[in-house]
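Peer 1: Got a structure for you, my_file_2.txt, holding compact mmCIF, C-alpha atoms.
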# COMPACT_ATOMS: atom_id res chain seq x y z
CA MET U 73 105.35 125.35 109.81
CA VAL U 74 102.80 123.34 107.82
CA PHE U 75 105.58 121.14 106.50
CA VAL U 76 107.46 120.78 109.78
CA VAL U 77 104.45 119.98 111.97
CA GLY U 78 102.80 117.71 109.40
CA GLY U 79 106.05 115.89 108.73
CA GLY U 80 106.84 115.73 112.45
CA LEU U 81 103.52 114.07 113.26
CA CYS U 82 104.21 111.51 110.52
CA VAL U 83 107.65 110.86 112.01
CA ILE U 84 106.02 110.09 115.37
CA GLY U 85 103.80 107.59 113.55
CA GLN U 86 106.84 106.08 111.81
CA LEU U 87 108.71 105.72 115.11
CA LEU U 88 105.71 104.00 116.67
CA MET U 89 105.56 101.56 113.75
CA ASP U 90 109.30 100.84 113.59
CA LEU U 91 110.15 100.71 117.30
CA THR U 92 107.02 99.03 118.66
CA ALA U 93 104.81 96.20 117.44
CA LEU U 94 102.01 98.59 116.48
CA THR U 95 100.47 98.11 113.02
CA PRO U 96 99.35 101.03 110.81
CA ALA U 97 95.77 100.40 111.96
CA HIS U 98 96.85 100.72 115.59
CA VAL U 99 98.70 103.94 114.81
CA LEU U 100 95.64 105.43 113.07
CA VAL U 101 93.33 104.55 115.99
CA LEU U 102 95.88 105.82 118.49
CA PHE U 103 96.27 109.11 116.59
CA VAL U 104 92.54 109.78 116.39
CA VAL U 105 92.14 109.14 120.12
CA LEU U 106 95.25 111.17 120.91
CA GLY U 107 94.03 114.06 118.75
CA GLY U 108 90.69 113.99 120.54
CA VAL U 109 92.24 113.92 124.00
CA LEU U 110 94.74 116.70 123.22
CA SER U 111 91.87 118.73 121.77
CA GLY U 112 89.81 118.15 124.91
CA LEU U 113 92.71 119.38 127.02
CA GLY U 114 92.91 122.49 124.83
CA LEU U 115 96.38 121.59 123.58
CA TYR U 116 95.62 120.86 119.93
CA GLN U 117 93.96 124.12 118.88
CA PRO U 118 97.20 126.11 119.40
CA LEU U 119 98.96 123.67 117.08
CA VAL U 120 96.24 124.18 114.45
CA ASP U 121 96.64 127.95 114.82
CA ILE U 122 100.38 127.65 114.22
CA ALA U 123 100.52 124.94 111.56
CA GLY U 124 97.15 125.00 109.78
CA ALA U 125 96.87 122.00 107.48
CA GLY U 126 100.04 120.61 109.06
CA ALA U 127 97.90 119.85 112.11
CA THR U 128 94.50 119.24 110.49
CA VAL U 129 95.54 116.90 107.65
CA PRO U 130 97.18 114.20 109.83
CA LEU U 131 94.63 111.94 111.48
CA LEU U 132 95.10 113.68 114.83
CA GLY U 133 93.22 116.53 113.18
CA PHE U 134 90.29 114.22 112.61
CA GLY U 135 90.11 113.47 116.34
CA HIS U 136 90.43 117.19 116.98
CA ALA U 137 87.54 117.94 114.61
CA LEU U 138 85.35 115.32 116.31
CA VAL U 139 85.94 116.85 119.74
CA THR U 140 85.72 120.54 118.77
CA GLY U 141 82.48 119.77 116.90
CA THR U 142 81.07 118.10 120.00
CA ILE U 143 82.02 120.97 122.28
CA GLU U 144 80.64 123.53 119.83
CA ASP U 145 77.30 121.73 119.67
CA ILE U 146 77.17 121.38 123.45
CA ASN U 147 77.60 125.16 123.69
CA ASN U 148 74.78 125.67 121.18
CA PHE U 149 72.31 122.89 121.95
CA GLY U 150 73.26 121.58 125.39
CA PHE U 151 73.22 117.89 126.18
CA LEU U 152 72.14 116.86 122.67
CA GLY U 153 75.41 118.25 121.37
CA ILE U 154 77.29 115.30 122.88
CA PHE U 155 75.61 113.16 120.23
CA SER U 156 75.22 115.57 117.33
CA GLY U 157 78.45 117.56 117.25
CA ALA U 158 81.15 115.06 116.36
CA LEU U 159 79.68 113.75 113.13
CA LYS U 160 78.35 117.13 112.07
CA ALA U 161 81.87 118.56 112.15
CA THR U 162 83.43 115.63 110.30
CA ALA U 163 80.53 114.90 107.93
CA THR U 164 82.36 116.16 104.82
CA GLY U 165 85.39 114.01 105.45
CA ILE U 166 83.48 110.84 106.31
CA MET U 167 81.01 111.26 103.46
CA ALA U 168 83.83 111.92 100.97
CA ALA U 169 85.85 108.97 102.25
CA VAL U 170 82.96 106.50 102.04
CA VAL U 171 81.55 107.68 98.69
CA PHE U 172 84.86 108.20 96.89
CA GLY U 173 86.17 105.01 98.48
CA PHE U 174 83.19 103.08 97.18
CA PHE U 175 83.42 104.40 93.62
CA MET U 176 87.17 103.89 93.40
CA ALA U 177 86.83 100.33 94.70
CA VAL U 178 84.16 99.62 92.09
CA LEU U 179 86.09 101.26 89.24
CA PHE U 180 89.56 99.89 89.90
CA ASN U 181 90.97 96.45 90.55
CA PRO U 182 93.99 95.64 92.70
CA LYS U 183 97.32 95.68 90.87
CA GLY U 184 98.69 92.44 89.53
CA LYS U 185 95.44 90.51 89.82
CA GLY U 186 94.73 90.42 86.14
CA GLY U 187 92.08 93.08 86.26
CA MET V 1007 117.66 29.15 164.91
CA HIS V 1008 114.83 31.38 164.27
CA ILE V 1009 116.83 34.41 165.12
CA SER V 1010 119.79 33.47 162.97
CA ASP V 1011 117.42 32.65 160.19
CA LEU V 1012 115.88 36.02 160.54
CA GLY V 1013 119.34 37.49 160.63
CA GLY V 1014 120.13 35.75 157.37
CA GLN V 1015 116.95 37.01 155.82
CA ASN V 1016 117.67 40.47 157.07
CA LYS V 1017 121.16 40.32 155.66
CA LYS V 1018 119.75 39.22 152.32
CA ARG V 1019 117.29 42.05 152.41
CA LEU V 1020 120.02 44.47 153.34
CA ASN V 1021 122.24 43.22 150.53
CA TYR V 1022 119.32 43.49 148.14
CA LYS V 1023 118.61 47.00 149.24
CA ILE V 1024 122.26 47.99 148.88
CA ALA V 1025 122.31 46.49 145.43
CA GLN V 1026 119.15 48.32 144.51
CA HIS V 1027 120.61 51.53 145.81
CA ARG V 1028 123.76 51.03 143.78
CA THR V 1029 121.88 50.37 140.58
CA TYR V 1030 119.70 53.38 141.31
CA ASN V 1031 122.75 55.53 141.86
CA LEU V 1032 124.33 54.16 138.75
CA LYS V 1033 121.22 54.95 136.76
CA LYS V 1034 121.08 58.37 138.31
CA GLY V 1035 124.68 58.92 137.38
CA ASP V 1036 123.99 57.81 133.87
CA ASN V 1037 121.08 60.18 133.72
CA MET V 1038 123.24 62.97 135.03
CA THR V 1039 125.94 62.38 132.47
CA ASN V 1040 123.26 62.18 129.82
CA GLU V 1041 121.81 65.45 131.02
CA ILE V 1042 125.21 67.07 131.03
CA ASN V 1043 125.80 65.82 127.51
CA LYS V 1044 122.43 67.10 126.42
CA LYS V 1045 123.09 70.47 127.99
CA GLN V 1046 126.43 70.66 126.28
CA GLU V 1047 124.78 69.79 122.97
CA GLN V 1048 122.12 72.41 123.58
CA THR V 1049 124.63 75.10 124.41
CA GLN V 1050 126.60 74.13 121.34
CA GLU V 1051 123.46 74.41 119.24
CA LYS V 1052 122.73 77.76 120.82
CA MET V 1053 126.25 78.92 120.09
CA GLN V 1054 125.86 77.83 116.50
CA GLN V 1055 122.52 79.60 116.28
CA LEU V 1056 124.04 82.75 117.72
CA GLU V 1057 126.93 82.60 115.29
CA TYR V 1058 124.50 82.10 112.45
CA GLN V 1059 122.35 84.99 113.69
CA ASN V 1060 125.44 87.18 113.85
CA LYS V 1061 126.34 86.27 110.30
CA VAL V 1062 122.78 87.00 109.15
CA ASP V 1063 122.80 90.30 111.01
CA ASN V 1064 126.08 91.23 109.37
CA ILE V 1065 124.80 90.44 105.88
CA THR V 1066 121.25 91.88 106.07
CA PRO V 1067 121.08 95.67 106.11
CA LYS V 1068 120.19 97.33 109.43
CA PRO V 1069 116.50 98.37 109.66
CA PRO V 1070 116.74 101.70 107.89
CA LEU V 1071 115.08 103.68 110.67
CA PHE V 1072 116.69 106.98 109.76
CA LYS V 1073 115.79 106.59 106.10
CA ASN V 1074 112.20 105.68 107.01
CA ILE V 1075 111.92 108.72 109.23
CA CYS V 1076 113.22 111.03 106.51
CA TRP V 1077 110.75 109.63 103.98
CA ALA V 1078 107.86 109.87 106.45
CA PHE V 1079 108.79 113.46 107.29
CA VAL V 1080 109.11 114.64 103.69
CA VAL V 1081 106.08 112.85 102.25
CA GLY V 1082 103.85 113.62 105.25
CA GLY V 1083 104.96 117.25 105.17
CA LEU V 1084 104.30 117.55 101.43
CA ILE V 1085 100.79 116.09 101.74
CA CYS V 1086 100.05 118.65 104.46
CA ILE V 1087 101.41 121.45 102.25
CA LEU V 1088 99.12 120.27 99.44
CA GLY V 1089 96.20 120.43 101.89
CA GLN V 1090 97.20 123.94 102.93
CA LEU V 1091 97.46 125.09 99.29
CA ILE V 1092 93.98 123.76 98.51
CA ALA V 1093 92.53 125.38 101.64
CA ASP V 1094 94.24 128.68 100.80
CA TYR V 1095 92.85 128.55 97.27
CA PHE V 1096 89.27 128.10 98.48
CA GLU V 1097 89.74 130.77 101.15
CA GLY V 1098 90.88 133.05 98.33
CA LEU V 1099 87.56 132.39 96.62
CA GLY V 1100 85.84 133.94 99.64
CA LEU V 1101 84.93 130.84 101.61
CA SER V 1102 85.21 130.79 105.40
CA LYS V 1103 88.25 129.09 106.91
CA LYS V 1104 86.09 126.18 108.06
CA ASP V 1105 84.49 125.57 104.66
CA ALA V 1106 87.81 125.93 102.86
CA SER V 1107 89.33 123.36 105.20
CA ALA V 1108 86.37 121.03 104.55
CA TYR V 1109 86.95 121.32 100.79
CA ALA V 1110 90.63 120.60 101.29
CA THR V 1111 89.77 117.49 103.31
CA ALA V 1112 87.31 116.25 100.68
CA ILE V 1113 89.80 116.81 97.85
CA LEU V 1114 92.64 115.12 99.72
CA VAL V 1115 90.35 112.18 100.42
CA PHE V 1116 89.45 112.05 96.72
CA LEU V 1117 93.11 112.13 95.70
CA GLY V 1118 94.00 109.48 98.28
CA SER V 1119 91.33 107.08 97.07
CA PHE V 1120 92.00 107.84 93.39
CA PHE V 1121 95.72 107.11 93.62
CA THR V 1122 94.99 104.01 95.68
CA GLY V 1123 92.72 102.86 92.86
CA LEU V 1124 95.52 103.42 90.34
CA GLY V 1125 97.87 101.44 92.57
CA LEU V 1126 100.25 104.39 92.93
CA TYR V 1127 99.53 105.18 96.56
CA ASP V 1128 100.70 101.78 97.72
CA ASP V 1129 103.96 102.26 95.81
CA LEU V 1130 104.41 105.52 97.67
CA GLY V 1131 103.49 103.82 100.94
CA LYS V 1132 106.29 101.27 100.57
CA ARG V 1133 108.81 104.08 100.90
CA ALA V 1134 106.96 106.74 102.85
CA GLY V 1135 105.51 104.47 105.55
CA ALA V 1136 103.73 106.61 108.12
CA GLY V 1137 104.16 109.62 105.84
CA SER V 1138 101.43 108.17 103.64
CA ILE V 1139 99.42 106.56 106.45
CA VAL V 1140 98.99 109.33 109.02
CA PRO V 1141 97.56 112.07 106.72
CA ILE V 1142 93.86 111.92 105.83
CA THR V 1143 94.85 110.51 102.41
CA GLY V 1144 96.03 107.43 104.28
CA PHE V 1145 92.60 107.13 105.84
CA ALA V 1146 91.11 107.13 102.33
CA ASN V 1147 93.72 104.56 101.30
CA SER V 1148 92.72 102.33 104.22
CA ILE V 1149 89.15 102.37 102.88
CA VAL V 1150 89.79 101.77 99.18
CA ALA V 1151 92.56 99.16 99.43
CA PRO V 1152 90.60 96.44 101.29
CA ALA V 1153 87.36 97.30 99.45
CA MET V 1154 89.15 96.70 96.14
CA GLU V 1155 90.93 93.62 97.42
CA PHE V 1156 87.73 91.89 98.55
CA LYS V 1157 85.54 92.91 95.64
CA ARG V 1158 85.24 89.30 94.52
CA GLU V 1159 83.40 88.52 97.76
CA GLY V 1160 80.53 90.63 96.48
CA TYR V 1161 79.33 94.20 96.86
CA VAL V 1162 77.78 93.72 100.29
CA PHE V 1163 80.20 91.49 102.22
CA GLY V 1164 83.17 92.38 100.03
CA VAL V 1165 83.25 96.06 99.12
CA GLY V 1166 80.65 97.28 101.62
CA ALA V 1167 81.94 95.42 104.65
CA LYS V 1168 85.71 95.34 104.09
CA MET V 1169 85.84 99.10 103.47
CA PHE V 1170 85.69 99.54 107.22
CA VAL V 1171 88.32 97.03 108.26
CA ILE V 1172 90.61 99.89 109.36
CA ALA V 1173 88.32 102.91 108.98
CA GLY V 1174 85.73 101.28 111.25
CA PRO V 1175 87.95 101.09 114.33
CA VAL V 1176 89.19 104.62 113.64
CA LEU V 1177 85.61 105.95 113.56
CA VAL V 1178 84.53 103.88 116.58
CA TYR V 1179 87.37 105.01 118.84
CA GLY V 1180 87.23 108.56 117.51
CA MET V 1181 83.52 108.84 118.27
CA VAL V 1182 83.83 107.20 121.70
CA THR V 1183 86.64 109.63 122.54
CA ALA V 1184 84.56 112.59 121.38
CA PHE V 1185 81.59 111.29 123.41
CA ILE V 1186 83.57 110.89 126.62
CA ILE V 1187 85.24 114.29 126.30
CA GLY V 1188 81.89 115.88 125.40
CA LEU V 1189 80.29 114.29 128.47
CA ILE V 1190 83.06 115.55 130.75
CA TYR V 1191 82.78 119.03 129.20
CA TRP V 1192 78.97 119.03 129.65
CA ILE V 1193 79.22 117.93 133.32
CA ARG V 1194 81.83 120.55 134.15
CA GLN V 1195 79.88 123.32 132.43
Could you write out this file's structure as structure tokens?
Peer 2:
Amino acid sequence: MVFVVGGGLCVIGQLLMDLTALTPAHVLVLFVVLGGVLSGLGLYQPLVDIAGAGATVPLLGFGHALVTGTIEDINNFGFLGIFSGALKATATGIMAAVVFGFFMAVLFNPKGKGG
Amino acid sequence: MHISDLGGQNKKRLNYKIAQHRTYNLKKGDNMTNEINKKQEQTQEKMQQLEYQNKVDNITPKPPLFKNICWAFVVGGLICILGQLIADYFEGLGLSKKDASAYATAILVFLGSFFTGLGLYDDLGKRAGAGSIVPITGFANSIVAPAMEFKREGYVFGVGAKMFVIAGPVLVYGMVTAFIIGLIYWIRQ
């Protein structure tokens, strides 16, 4: 199921890119928002239960993590949770992306640019 | 005398007007034939363009939609499997499901940025398309690729700023979505 759901979500992204004028950046933004909305409607968690990483690794899972984190913090801390939950839940991913991204960009040079 | 004179003048005027009208009509006719000619030329050009387009379409391969989809499915699926294997490994070490999944995310992000740095991820992306873009590794790729590309513009406006060319919008819209849904949830509570 991991393979099928993960691959299937990527196929949706591929169809959006090939059949519409959407760029990869548009697809990524759309998927995060879509993941968040589906999560808010309670439709994404069942998919995570079925497919595990197949649902959390695609970027929809990032939107899902943002929303579930927010809702969890609202349950625990009330109104403040609207502001604290999303980034708390995704802190590892964002921190890793920025820090690793920074070091890799410093260490490596783009291909074919004589570096 | 006066009247006949007037009549003569009137006749002259009338003749003049008729002449004018004729020349006008003639010109109009000329214009019309010109327009018709132009239209014919245009349609001919269009026909030629269409024929050319047809030839080009016949020669160039059809957009390989099916092939793209297969690649996206396989590569995307495999990246997810890799994530699941990492998460399972950490869960086996006794970590909670949440922490194991966080480790898997961090490691996938590391791998995504590392292979982007090596230039291998973009080679994969040429074939896999969305299969390499939609997983979280693609998010890491979208950070490293522009940061590397614009390094010569300096570490602040190059690396630091261009990192977020794609990741920025993703974070902005993700957070706004989470905020709105959180607000609705809080109100309905």
Peer 1: Which polymer residues have any atom within 12 Å of an atom of U:Met89, counting all atoms listed in the file, with same-chain residues fewer than 3 positions away left out, as an mmCIF file with C-alpha atoms, in the frame of the given file?
Peer 2:
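File written: part.cif
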data_model
loop_
_atom_site.group_PDB
_atom_site.id
_atom_site.type_symbol
_atom_site.label_atom_id
_atom_site.label_comp_id
_atom_site.auth_asym_id
_atom_site.auth_seq_id
_atom_site.Cartn_x
_atom_site.Cartn_y
_atom_site.Cartn_z
ATOM 1 C CA CYS U 82 104.210 111.510 110.520
ATOM 2 C CA VAL U 83 107.650 110.860 112.010
ATOM 3 C CA ILE U 84 106.020 110.090 115.370
ATOM 4 C CA GLY U 85 103.800 107.590 113.550
ATOM 5 C CA GLN U 86 106.840 106.080 111.810
ATOM 6 C CA THR U 92 107.020 99.030 118.660
ATOM 7 C CA ALA U 93 104.810 96.200 117.440
ATOM 8 C CA LEU U 94 102.010 98.590 116.480
ATOM 9 C CA THR U 95 100.470 98.110 113.020
ATOM 10 C CA PRO U 96 99.350 101.030 110.810
ATOM 11 C CA ALA U 97 95.770 100.400 111.960
ATOM 12 C CA HIS U 98 96.850 100.720 115.590
ATOM 13 C CA VAL U 99 98.700 103.940 114.810
ATOM 14 C CA LEU U 100 95.640 105.430 113.070
ATOM 15 C CA LEU U 102 95.880 105.820 118.490
ATOM 16 C CA LEU V 1071 115.080 103.680 110.670
ATOM 17 C CA ASN V 1074 112.200 105.680 107.010
ATOM 18 C CA ILE V 1075 111.920 108.720 109.230
ATOM 19 C CA ALA V 1078 107.860 109.870 106.450
ATOM 20 C CA GLY V 1135 105.510 104.470 105.550
ATOM 21 C CA ALA V 1136 103.730 106.610 108.120
ATOM 22 C CA GLY V 1137 104.160 109.620 105.840
ATOM 23 C CA ILE V 1139 99.420 106.560 106.450
ATOM 24 C CA VAL V 1140 98.990 109.330 109.020
#
Peer 1: Find, counting all atoms listed in the file, the residue in U:Ile122, U:Leu88, U:Val109, U:Met167 that gets nearest to U:Val76.
Peer 2: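 The answer is U:Ile122, which sits nearest to U:Val76.
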Peer 1: Looking at U:Phe103, U:Phe175, U:Phe75, U:Tyr116, which one is nearest to V:Ile1142, with distances taken over all atoms listed in the file?
Peer 2: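 With all atoms listed in the file as the atom set, the closest residue is U:Phe103.
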Peer 1: Near V:Lys1103, within 12 Å and counting all atoms listed in the file, which residues show up once chain neighbours fewer than 3 positions away are dropped, as a ChimeraX atom specification?
Peer 2: /U:121,124-125 /V:1090,1092-1100,1106-1110
Peer 1: Show me which bits of chain V are within 7 Å of chain U, counting all atoms listed in the file, as an MDAnalysis selection string.
Peer 2: chainID V and resid 1075 1078:1080 1082:1084 1086:1087 1089:1090 1108 1111:1112 1115:1116 1119:1120 1123:1125 1135:1137 1140:1142 1146 1149:1150 1153:1155 1172 1175:1176 1179:1181 1183:1185 1187:1189 1192
Peer 1: Name the closest residue to V:Ile1085 among the candidates V:Ser1102, V:Thr1049, V:Leu1130, V:Leu1056; distances are taken between atoms, counting all atoms listed in the file.
Peer 2: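 Of V:Ser1102, V:Thr1049, V:Leu1130, V:Leu1056, the one nearest V:Ile1085 is V:Leu1130, counting all atoms listed in the file.
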Peer 1: Quick one: pull the distance between atom CA of V:Gly1174 and atom CA of V:Asn1147, Å, one decimal.
Peer 2: 13.2 Å
Peer 1: To one decimal in Å, tell me the separation between atom CA of V:Arg1158 and atom CA of V:Ser1138.
Peer 2: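 Between these atoms lies a distance of 26.5 Å.
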Peer 1: Around all the atoms of stretch 168-185 of chain U listed in the file, with 5 Å of room on each side, what axis-aligned box do you get, giving centre and edge lengths in Å to one decimal, as lines of an AutoDock Vina configuration file?
Peer 2:
center_x = 90.1
center_y = 101.2
center_z = 95.7
size_x = 27.1
size_y = 31.4
size_z = 23.0
Peer 1: So how many Å separate atom CA of U:Lys160 and atom CA of V:Leu1114, to one decimal?
Peer 2: 19.0 Å
Peer 1: Can I get stretch 148-170 of chain U with N, CA and C atoms filled in, as a PDB file, in the frame of the given file?
Peer 2:
ATOM      1  N   ASN U 148      75.963 125.163 121.882  1.00  0.00           N
ATOM      2  CA  ASN U 148      74.780 125.670 121.180  1.00  0.00           C
ATOM      3  C   ASN U 148      73.489 124.970 121.587  1.00  0.00           C
ATOM      4  N   PHE U 149      73.547 123.652 121.751  1.00  0.00           N
ATOM      5  CA  PHE U 149      72.310 122.890 121.950  1.00  0.00           C
ATOM      6  C   PHE U 149      72.269 122.118 123.261  1.00  0.00           C
ATOM      7  N   GLY U 150      73.268 122.282 124.116  1.00  0.00           N
ATOM      8  CA  GLY U 150      73.260 121.580 125.390  1.00  0.00           C
ATOM      9  C   GLY U 150      73.583 120.113 125.255  1.00  0.00           C
ATOM     10  N   PHE U 151      72.890 119.305 126.058  1.00  0.00           N
ATOM     11  CA  PHE U 151      73.220 117.890 126.180  1.00  0.00           C
ATOM     12  C   PHE U 151      73.226 117.162 124.834  1.00  0.00           C
ATOM     13  N   LEU U 152      72.260 117.512 123.976  1.00  0.00           N
ATOM     14  CA  LEU U 152      72.140 116.860 122.670  1.00  0.00           C
ATOM     15  C   LEU U 152      73.432 116.960 121.850  1.00  0.00           C
ATOM     16  N   GLY U 153      74.175 118.013 122.114  1.00  0.00           N
ATOM     17  CA  GLY U 153      75.410 118.250 121.370  1.00  0.00           C
ATOM     18  C   GLY U 153      76.423 117.132 121.517  1.00  0.00           C
ATOM     19  N   ILE U 154      76.367 116.415 122.671  1.00  0.00           N
ATOM     20  CA  ILE U 154      77.290 115.300 122.880  1.00  0.00           C
ATOM     21  C   ILE U 154      77.123 114.275 121.760  1.00  0.00           C
ATOM     22  N   PHE U 155      75.875 114.160 121.266  1.00  0.00           N
ATOM     23  CA  PHE U 155      75.610 113.160 120.230  1.00  0.00           C
ATOM     24  C   PHE U 155      75.643 113.736 118.811  1.00  0.00           C
ATOM     25  N   SER U 156      75.366 115.018 118.673  1.00  0.00           N
ATOM     26  CA  SER U 156      75.220 115.570 117.330  1.00  0.00           C
ATOM     27  C   SER U 156      76.496 116.212 116.796  1.00  0.00           C
ATOM     28  N   GLY U 157      77.349 116.692 117.691  1.00  0.00           N
ATOM     29  CA  GLY U 157      78.450 117.560 117.250  1.00  0.00           C
ATOM     30  C   GLY U 157      79.541 116.874 116.456  1.00  0.00           C
ATOM     31  N   ALA U 158      79.962 115.685 116.931  1.00  0.00           N
ATOM     32  CA  ALA U 158      81.150 115.060 116.360  1.00  0.00           C
ATOM     33  C   ALA U 158      80.978 114.767 114.870  1.00  0.00           C
ATOM     34  N   LEU U 159      79.859 114.146 114.522  1.00  0.00           N
ATOM     35  CA  LEU U 159      79.680 113.750 113.130  1.00  0.00           C
ATOM     36  C   LEU U 159      79.319 114.944 112.251  1.00  0.00           C
ATOM     37  N   LYS U 160      78.664 115.930 112.846  1.00  0.00           N
ATOM     38  CA  LYS U 160      78.350 117.130 112.070  1.00  0.00           C
ATOM     39  C   LYS U 160      79.637 117.790 111.589  1.00  0.00           C
ATOM     40  N   ALA U 161      80.612 117.871 112.484  1.00  0.00           N
ATOM     41  CA  ALA U 161      81.870 118.560 112.150  1.00  0.00           C
ATOM     42  C   ALA U 161      82.702 117.768 111.150  1.00  0.00           C
ATOM     43  N   THR U 162      82.569 116.450 111.164  1.00  0.00           N
ATOM     44  CA  THR U 162      83.430 115.630 110.300  1.00  0.00           C
ATOM     45  C   THR U 162      82.651 115.042 109.122  1.00  0.00           C
ATOM     46  N   ALA U 163      81.401 115.496 108.948  1.00  0.00           N
ATOM     47  CA  ALA U 163      80.530 114.900 107.930  1.00  0.00           C
ATOM     48  C   ALA U 163      81.174 114.916 106.542  1.00  0.00           C
ATOM     49  N   THR U 164      81.773 116.055 106.154  1.00  0.00           N
ATOM     50  CA  THR U 164      82.360 116.160 104.820  1.00  0.00           C
ATOM     51  C   THR U 164      83.428 115.090 104.611  1.00  0.00           C
ATOM     52  N   GLY U 165      84.305 114.962 105.580  1.00  0.00           N
ATOM     53  CA  GLY U 165      85.390 114.010 105.450  1.00  0.00           C
ATOM     54  C   GLY U 165      84.898 112.572 105.371  1.00  0.00           C
ATOM     55  N   ILE U 166      83.976 112.224 106.265  1.00  0.00           N
ATOM     56  CA  ILE U 166      83.480 110.840 106.310  1.00  0.00           C
ATOM     57  C   ILE U 166      82.703 110.521 105.043  1.00  0.00           C
ATOM     58  N   MET U 167      81.821 111.451 104.668  1.00  0.00           N
ATOM     59  CA  MET U 167      81.010 111.260 103.460  1.00  0.00           C
ATOM     60  C   MET U 167      81.924 111.098 102.237  1.00  0.00           C
ATOM     61  N   ALA U 168      82.911 111.986 102.116  1.00  0.00           N
ATOM     62  CA  ALA U 168      83.830 111.920 100.970  1.00  0.00           C
ATOM     63  C   ALA U 168      84.580 110.595 100.982  1.00  0.00           C
ATOM     64  N   ALA U 169      85.056 110.196 102.163  1.00  0.00           N
ATOM     65  CA  ALA U 169      85.850 108.970 102.250  1.00  0.00           C
ATOM     66  C   ALA U 169      85.029 107.756 101.836  1.00  0.00           C
ATOM     67  N   VAL U 170      83.788 107.680 102.331  1.00  0.00           N
ATOM     68  CA  VAL U 170      82.960 106.500 102.040  1.00  0.00           C
ATOM     69  C   VAL U 170      82.545 106.491 100.565  1.00  0.00           C
TER      70      VAL U 170
END
